[in-house]
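Notes follow once the structure below has been shown.
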Amino acid sequence: MAKKRYGMVIDLHRCVGCAACDIACKSENNVTDGFAWSNHILETTGVFPDVRYRYIPTLCNHCDNAPCVQNCPTTAMYKSEDGLTLHDPDICIGCRACQVSCPYGVIFFNEEQPHPLFREDSDPAIPGCTSTGPEVTEKVQAPIPYYNPARAETYDGIRRKGIIEKCTFCDHRLAKGQLPACVEACPADARIFGDLNDPESPPSRAVAQYTPKVLQKEKGTEPNVLYVRDFAQSRK
Amino acid sequence: MKTQNKSSVAVRERENGCSRRTFLKGVGGVGLIAAVGGGPLFTFFTREASAQSKELAARWVSSTCQGCTSWCPVQVRVVDGRALSIRGNPHSKANHGKVCPRAHIAVQQVYDPDRIKVPMRRTNPKKGRDQDPGFVPISWDEALDLVAEKMMELRRGDETHKFAVLRGRYSYLRDIIYSAVPKVFGSPNGISHSAICAEAEKFGAYYTEGYWDYRDYDLEHTRYVLCWGADPLSSNRQVPHAINIWGHVRDRARVAVVDPRLSATAAKADEWLPVIPGEDSALAVAMAHVILTSGLWSREFVGDFQDGVNRFVAGDTVDEKSFDETHTHGIVRWWNLELKNRTPEWAEAHCGIPAAQTRRVAIGFAEAAPATISWLSPGACMQARGGYAALAAHALNGLVGSVDSKGGVVQKTKIPTGGIPDFGPYQDKLAKKLSKQPKIDQRGRLEFPVLNGGKSGGGVVTNNVADAMLNKDPYEIKVAIAYWANFVFSCSGSDRWERALSELPFFVHVTTHASEMTHFADVVLPAAHHLFEKWSFLKSKQNLHGYASLTKPVLKPLWDVRQDESEVPWLLAEKLAEKGFDNMQRYFREAFADPETGQAPTTSGEFALYAVKMMTRPCWDSSHPDYGKYGDALANWADFEEKGVWNTHRFQYRQKWDKFKTKTGKFEFYSETLKKALQGHAEKHSVTTDEVMAATNYVARGELAFVPHFEPALRWGDESQYPLIFFEHRSRLNREGRSANNSWYQAHKDVDPGDENWDDVLKMNPVDARGLGLRNLQMVRVISSTGEIEVRLKLWEGVRPGTVAKCYGQGHWAYGRIAAADFHKRLPRGGNNNAILPAEYERLSGSTARHGGIARVRVEGA
């Protein structure tokens, strides 16, 4: 069987710009405040009343020609056999070359330990009557109260200070035949995920049906996140 | 939030052999973690079993999200007793098994460190925003003893009516605490939040088609959607359904959005009509004018001229006898009284929408009929003169026959759940007598007709309670219990609530979080979170299916909380019984029982569970006469508990024509139903209906009061001093103003078009900013005739020049350490709109007029 090439097609016509993807990603991947593996570009153009608002969901493009991989001095950033751009925290030296070379701003560097609210908080709102972050985590016996242990099956459950982190297309879920969390959480069914090497897969069909676009094509990164149709049509 | 770095904990978890990479690397992959500094995290990881086995132990448990009033059936992913995430309930026919972004945020709510974990007692007798309440923890027994003692003082003084229950959000267990508790005790004062919500919307449907409720919309089959302030992709009342189907809607229908702000839905529409706030009625009657003059009304629903010649010609009076009306009432009278001169050109001068656009939208809307939707929302009618805007916008559905039609606007399906048992036998003489006192909110007075359901004083005037309490009119409230409410924040003229609660002798707040209202409480009772910790059920509809959806204790609460609508009344009844008044306790113990076993409740938890089982019996008990009649036939209680949702059959079109619950049975353009209600109210006060109109701020007189008509916006503040019109809108992330203390809310706030993350910006068109010499993202003071806030300014083309917009939901000064800029200093993050909005009303429905540009403002650099 041919090698897989995982990819995602985002149907902007269906997308309503609600950020359910962004929040579900934080939840699934134990992502700290300030980081957004799943994110968005916003754009308001025109002059009242001819105004157009667009929302473009973003995430790691899992590029075929990934600058982050090429520029990583330790091979911590690597391409998997099925096309994912993954990161090995054990050999990452935190040099941030990947972050600098990524044109999409989807790689995040842990300058501090993540989730400070649940580690360092010692000043409750109402002493004796409300709690602190550490009090909650001690009660639930988890590093953050909604900690997802499944994330740790293929990556650091929560990443460490001094290294980078990024979207993995939820490789831990793919390994179990599940879809990435952002795909499953999209209430608009705007995210179409699968094997782009399989012409019958849902994303391949979407690519065949519509004219796909990628972000910053001129950079030659060959993204595996593609966009079809428009968020907002021109008004008639 | 303090973020000083005291420890260095490398959080790491790796399961031996569970991933290819880990296996290949070998060393360092076993078990975990390098932890420096110890603490709970270290403890956790050293005792943690493998990640894989945890994942296998994950289960999905059904409940309901009450982040907005869609009330979506959901499921919670639970691992090791913890909630990880939320998804739509796949058993639901309403929301396609989807949830909007709000539901995800609930997980942060339940684990919010700022939740109240124990009952609290106030130690500082002085009350006010500037006073530290000095809360100290106490036991439930002590707390309820204090509450019961204050209540017993009222009984001893024969003044039990001076007790009130103030209800905010609720489930359908509400009647226990809201109705039975005050009435068995001896007070009429169950006061709901309904009038700060959307009652004016119901006014529109009631006085045209006799339906006092929210409508449903057949988005699957529609060909045209005309939204009046409605932003269904963001808020109310079927958000996941609307989001999921919007691509399909855009494929086959045109969408037009009337809103002074480029809302999320307007951004994905064909037409944006940026109306001047409060002038929606001008636009709606102009559209009606166009539909009639263009001959595009529904012949099937409305009827036709006897000779088929359209006499609806601008400016011409039409002979009523020339028209044979079928399923509607008063089309010609409406034309003659109101519509004949309401041309789009006339409307343009009032509402600011170009005549050509009004004409284009009206014609497009009518040509697509009957598969069209005129979608009314609070924005277009929770206005001081919004009652008639509601009528006009909804009447468009009547004109084109989309009422009750495929692809149109429909009513609800029957959900056959029951209410609480009769508490009459448990009311003693004092209770019977004093619960007939007038309610505190002054409903039914000349200036507050509140004609809900056609009756003078038929509904609530929530926001007026603050003034009534301050004026002790009709009497003083001495003891009040508020639950799931934060009127100090959520009611316009919020300063009045601060004063009213400062003067209230004894106030009890039942709440998950400390909030602005808590700040004035004598006793605070920590509440269970609805989605994760509480037995209840909800009723709602989306996608032409009604449903009953359970909430249940998915998690074991971390803190010493109780269920607000069931356990708190039960425990309070026990205390009252100890003090000699056992009627409430007897009612709970004798009138409630487990329908499966017949067993009476012996604990508060059993009481909560049995109440839900009793009220939802028709959904799951095959011995009930309604079982399976209106929808799903669930096998038994266990089946309902597992699935979490009971669905009705799909709505059937065209069963209501000629059977509308109006006075005539028809869809009324000339509302005989409203005429009767207004006349009834006038007679009660020995005045004319014109005097009622004058007392309720309306400008129309005579017969116009009985038809949908134009009313000019009412605004507070003189234009010369306050040149800009302020209006507010909702957030797609607001869990009803309760999510501002969650980082996922703040970190994604920019998905409300024009907004900024971690901020609460005032949106102004750049053309206005240039005139005022203001810069993007500078701090500004926003000053109305009644209040002032300080926020950041955002220059944005998506807001109408001459107006400024701000989202509701921020400006909390007491809702927690993220919601407030400085909780301890009571400094808000952003500014609460309700501090600058005056307490004004749509008085025919009692609604708070928070929309329609009620406040003019001045914006100055701070």
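Just remember, in the structure tokens the first chain shown is A, the second B, etc., residues are 1-based per chain, and ligands are 1-based in the order shown.
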
Which residues are close to Gly17 (chain A), i.e. within 9 Å by only C-alpha atoms, leaving aside same-chain residues fewer than 5 positions away? Reply as a ChimeraX atom specification.
/A:12,40,54-57,231 /B:264,751-752

Among region 97-193 of chain A, which residues carry a DSSP assignment of helix (DSSP H, G or I), reported as an mmCIF file with N, CA and C atoms, in the first residue's frame?
data_model
loop_
_atom_site.group_PDB
_atom_site.id
_atom_site.type_symbol
_atom_site.label_atom_id
_atom_site.label_comp_id
_atom_site.auth_asym_id
_atom_site.auth_seq_id
_atom_site.Cartn_x
_atom_site.Cartn_y
_atom_site.Cartn_z
ATOM 1 N N ALA A 97 15.214 27.726 16.026
ATOM 2 C CA ALA A 97 15.440 27.885 14.585
ATOM 3 C C ALA A 97 14.167 27.537 13.809
ATOM 4 N N CYS A 98 13.454 26.527 14.287
ATOM 5 C CA CYS A 98 12.213 26.120 13.625
ATOM 6 C C CYS A 98 11.198 27.260 13.665
ATOM 7 N N GLN A 99 11.100 27.855 14.833
ATOM 8 C CA GLN A 99 10.114 28.926 15.038
ATOM 9 C C GLN A 99 10.408 30.098 14.108
ATOM 10 N N VAL A 100 11.690 30.429 14.014
ATOM 11 C CA VAL A 100 12.091 31.553 13.177
ATOM 12 C C VAL A 100 11.852 31.238 11.699
ATOM 13 N N SER A 101 12.082 29.993 11.328
ATOM 14 C CA SER A 101 11.992 29.675 9.896
ATOM 15 C C SER A 101 10.564 29.368 9.443
ATOM 16 N N LEU A 117 -1.112 29.092 36.304
ATOM 17 C CA LEU A 117 -2.242 29.202 37.240
ATOM 18 C C LEU A 117 -2.337 27.956 38.120
ATOM 19 N N PHE A 118 -2.013 26.809 37.520
ATOM 20 C CA PHE A 118 -2.196 25.573 38.275
ATOM 21 C C PHE A 118 -0.935 25.134 39.012
ATOM 22 N N ARG A 119 0.119 25.935 38.932
ATOM 23 C CA ARG A 119 1.337 25.581 39.650
ATOM 24 C C ARG A 119 1.728 26.595 40.712
ATOM 25 N N GLU A 120 1.519 27.873 40.400
ATOM 26 C CA GLU A 120 2.152 28.908 41.222
ATOM 27 C C GLU A 120 1.169 29.788 41.970
ATOM 28 N N GLY A 133 -5.143 27.481 42.100
ATOM 29 C CA GLY A 133 -4.873 26.484 41.077
ATOM 30 C C GLY A 133 -4.290 25.196 41.643
ATOM 31 N N PRO A 134 -3.228 25.289 42.435
ATOM 32 C CA PRO A 134 -2.642 24.065 42.992
ATOM 33 C C PRO A 134 -3.614 23.283 43.888
ATOM 34 N N GLU A 135 -4.509 23.999 44.576
ATOM 35 C CA GLU A 135 -5.480 23.300 45.412
ATOM 36 C C GLU A 135 -6.409 22.448 44.530
ATOM 37 N N VAL A 136 -6.785 22.996 43.387
ATOM 38 C CA VAL A 136 -7.647 22.247 42.470
ATOM 39 C C VAL A 136 -6.906 21.039 41.912
ATOM 40 N N THR A 137 -5.669 21.253 41.477
ATOM 41 C CA THR A 137 -4.947 20.130 40.863
ATOM 42 C C THR A 137 -4.631 19.047 41.896
ATOM 43 N N GLU A 138 -4.420 19.443 43.111
ATOM 44 C CA GLU A 138 -4.184 18.432 44.145
ATOM 45 C C GLU A 138 -5.460 17.613 44.377
ATOM 46 N N LYS A 139 -6.582 18.277 44.383
ATOM 47 C CA LYS A 139 -7.868 17.583 44.561
ATOM 48 C C LYS A 139 -8.101 16.544 43.470
ATOM 49 N N VAL A 140 -7.832 16.953 42.231
ATOM 50 C CA VAL A 140 -8.123 16.036 41.114
ATOM 51 C C VAL A 140 -6.941 15.139 40.769
ATOM 52 N N PRO A 149 -4.665 12.676 29.513
ATOM 53 C CA PRO A 149 -3.503 11.784 29.560
ATOM 54 C C PRO A 149 -3.166 11.167 28.202
ATOM 55 N N ALA A 150 -4.144 11.078 27.315
ATOM 56 C CA ALA A 150 -3.884 10.453 26.014
ATOM 57 C C ALA A 150 -2.842 11.232 25.213
ATOM 58 N N ARG A 151 -2.741 12.522 25.457
ATOM 59 C CA ARG A 151 -1.758 13.326 24.739
ATOM 60 C C ARG A 151 -0.341 12.783 24.969
ATOM 61 N N ALA A 152 -0.125 12.237 26.147
ATOM 62 C CA ALA A 152 1.222 11.796 26.510
ATOM 63 C C ALA A 152 1.613 10.487 25.832
ATOM 64 N N GLU A 153 0.707 9.909 25.087
ATOM 65 C CA GLU A 153 1.044 8.655 24.425
ATOM 66 C C GLU A 153 2.097 8.851 23.340
ATOM 67 N N ASP A 171 -1.536 13.264 16.393
ATOM 68 C CA ASP A 171 -1.007 11.941 16.007
ATOM 69 C C ASP A 171 -1.400 10.852 16.998
ATOM 70 N N HIS A 172 -1.585 11.218 18.262
ATOM 71 C CA HIS A 172 -1.992 10.210 19.248
ATOM 72 C C HIS A 172 -3.404 9.712 18.956
ATOM 73 N N ARG A 173 -4.218 10.543 18.364
ATOM 74 C CA ARG A 173 -5.581 10.120 18.004
ATOM 75 C C ARG A 173 -5.563 9.341 16.685
ATOM 76 N N LEU A 174 -4.760 9.818 15.742
ATOM 77 C CA LEU A 174 -4.657 9.115 14.454
ATOM 78 C C LEU A 174 -4.230 7.669 14.685
ATOM 79 N N ALA A 181 -8.640 16.422 17.039
ATOM 80 C CA ALA A 181 -9.672 17.009 17.905
ATOM 81 C C ALA A 181 -10.368 18.195 17.235
ATOM 82 N N CYS A 182 -9.610 19.005 16.489
ATOM 83 C CA CYS A 182 -10.222 20.179 15.872
ATOM 84 C C CYS A 182 -11.231 19.777 14.804
ATOM 85 N N VAL A 183 -10.971 18.662 14.143
ATOM 86 C CA VAL A 183 -11.886 18.171 13.101
ATOM 87 C C VAL A 183 -13.170 17.694 13.757
ATOM 88 N N GLU A 184 -12.993 16.914 14.813
ATOM 89 C CA GLU A 184 -14.167 16.374 15.498
ATOM 90 C C GLU A 184 -14.995 17.483 16.143
ATOM 91 N N ALA A 185 -14.330 18.518 16.647
ATOM 92 C CA ALA A 185 -15.052 19.564 17.387
ATOM 93 C C ALA A 185 -15.681 20.604 16.473
#

Rows by chain and residue number, region 114-162 of chain A within 9 Å of region 80-88 of chain B, shortest pair, only C-alpha atoms, as JSON lines:
{"residue": "A:Val140", "atom": "CA", "partner": "B:Arg82", "partner_atom": "CA", "distance": 7.0}
{"residue": "A:Ala142", "atom": "CA", "partner": "B:Arg82", "partner_atom": "CA", "distance": 9.0}
{"residue": "A:Pro145", "atom": "CA", "partner": "B:Arg82", "partner_atom": "CA", "distance": 7.2}
{"residue": "A:Tyr146", "atom": "CA", "partner": "B:Leu84", "partner_atom": "CA", "distance": 4.6}
{"residue": "A:Tyr147", "atom": "CA", "partner": "B:Leu84", "partner_atom": "CA", "distance": 6.6}
{"residue": "A:Asn148", "atom": "CA", "partner": "B:Leu84", "partner_atom": "CA", "distance": 6.3}

Residues of the last selection are to be written out with C-alpha atoms, as a short mmCIF file (atom, residue, chain, number, x, y, z; two decimals), in the first residue's frame.
data_model
loop_
_atom_site.label_atom_id
_atom_site.label_comp_id
_atom_site.auth_asym_id
_atom_site.auth_seq_id
_atom_site.Cartn_x
_atom_site.Cartn_y
_atom_site.Cartn_z
CA VAL A 140 -8.12 16.04 41.11
CA ALA A 142 -3.70 15.90 37.73
CA PRO A 145 -7.67 19.69 36.18
CA TYR A 146 -8.79 18.80 32.65
CA TYR A 147 -5.46 17.18 31.77
CA ASN A 148 -5.79 14.73 28.88
#

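Residue nearest Gly398 (chain B) within the list B:Trp657, B:Trp535, B:Tyr475, B:Trp570: B:Trp657 [criterion: smallest interatomic distance, only C-alpha atoms].
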
Would you please work out which residue, of B:Leu558, B:Ile725, B:Leu399, B:Ala288, is nearest to chain A when using only C-alpha atoms?
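Nearest to chain A: B:Leu558.
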
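Counting only C-alpha atoms, Asp768 (chain B) has the following residues at most 8 Å away, ignoring those fewer than 4 positions along the same chain: Met764, Leu772, Pro801 and Gly802 of chain B.
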
Mind dumping the selected residues with N, CA and C atoms as a PDB file, in the first residue's frame?
ATOM      1  N   MET B 764     -15.559  51.594  17.227  1.00  0.00           N
ATOM      2  CA  MET B 764     -15.981  52.869  16.645  1.00  0.00           C
ATOM      3  C   MET B 764     -15.529  52.914  15.190  1.00  0.00           C
ATOM      4  N   LEU B 772     -13.019  62.953  16.159  1.00  0.00           N
ATOM      5  CA  LEU B 772     -12.818  63.171  17.598  1.00  0.00           C
ATOM      6  C   LEU B 772     -11.343  63.196  17.975  1.00  0.00           C
ATOM      7  N   PRO B 801     -21.098  54.367  11.271  1.00  0.00           N
ATOM      8  CA  PRO B 801     -20.692  55.695  11.752  1.00  0.00           C
ATOM      9  C   PRO B 801     -21.826  56.352  12.552  1.00  0.00           C
ATOM     10  N   GLY B 802     -21.447  57.061  13.576  1.00  0.00           N
ATOM     11  CA  GLY B 802     -22.455  57.684  14.442  1.00  0.00           C
ATOM     12  C   GLY B 802     -22.873  56.802  15.598  1.00  0.00           C
TER      13      GLY B 802
END

Residues within 9 Å of Cys60 (chain A), please, as a list in words. Count only C-alpha atoms; anything in the same chain fewer than 4 positions from it doesn't count.
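The filter keeps Trp37, Ser38, Thr85, Tyr104, Gly105, Val106, Ile107, Lys166, Cys167, Thr168, Phe169, Pro223, Asn224 and Val225 of chain A.
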
Residues near Val9 (chain A), cut-off 10 Å, only C-alpha atoms, skip fewer than 4 positions along chain, as a PyMOL selection string
chain A and resi 190-194+196+202-207+212-214+224-228

What would the file look like if the residues just selected were written as a short mmCIF file (atom, residue, chain, number, x, y, z; two decimals), in the first residue's frame with C-alpha atoms?
data_model
loop_
_atom_site.label_atom_id
_atom_site.label_comp_id
_atom_site.auth_asym_id
_atom_site.auth_seq_id
_atom_site.Cartn_x
_atom_site.Cartn_y
_atom_site.Cartn_z
CA ALA A 190 -15.63 22.56 7.82
CA ARG A 191 -12.52 20.43 8.40
CA ILE A 192 -12.01 17.48 6.11
CA PHE A 193 -9.18 15.21 7.15
CA GLY A 194 -7.55 12.14 5.69
CA LEU A 196 -4.17 12.97 0.45
CA PRO A 202 -12.66 13.00 1.74
CA PRO A 203 -9.92 15.65 1.53
CA SER A 204 -8.78 14.39 -1.90
CA ARG A 205 -12.36 14.60 -3.12
CA ALA A 206 -12.69 18.12 -1.77
CA VAL A 207 -9.46 19.11 -3.50
CA PRO A 212 -7.61 24.51 -3.32
CA LYS A 213 -5.49 27.30 -1.92
CA VAL A 214 -2.62 27.27 0.55
CA ASN A 224 -0.80 19.80 3.60
CA VAL A 225 -3.44 22.11 5.00
CA LEU A 226 -5.48 23.39 2.08
CA TYR A 227 -8.38 25.77 1.86
CA VAL A 228 -11.37 25.60 -0.44
#
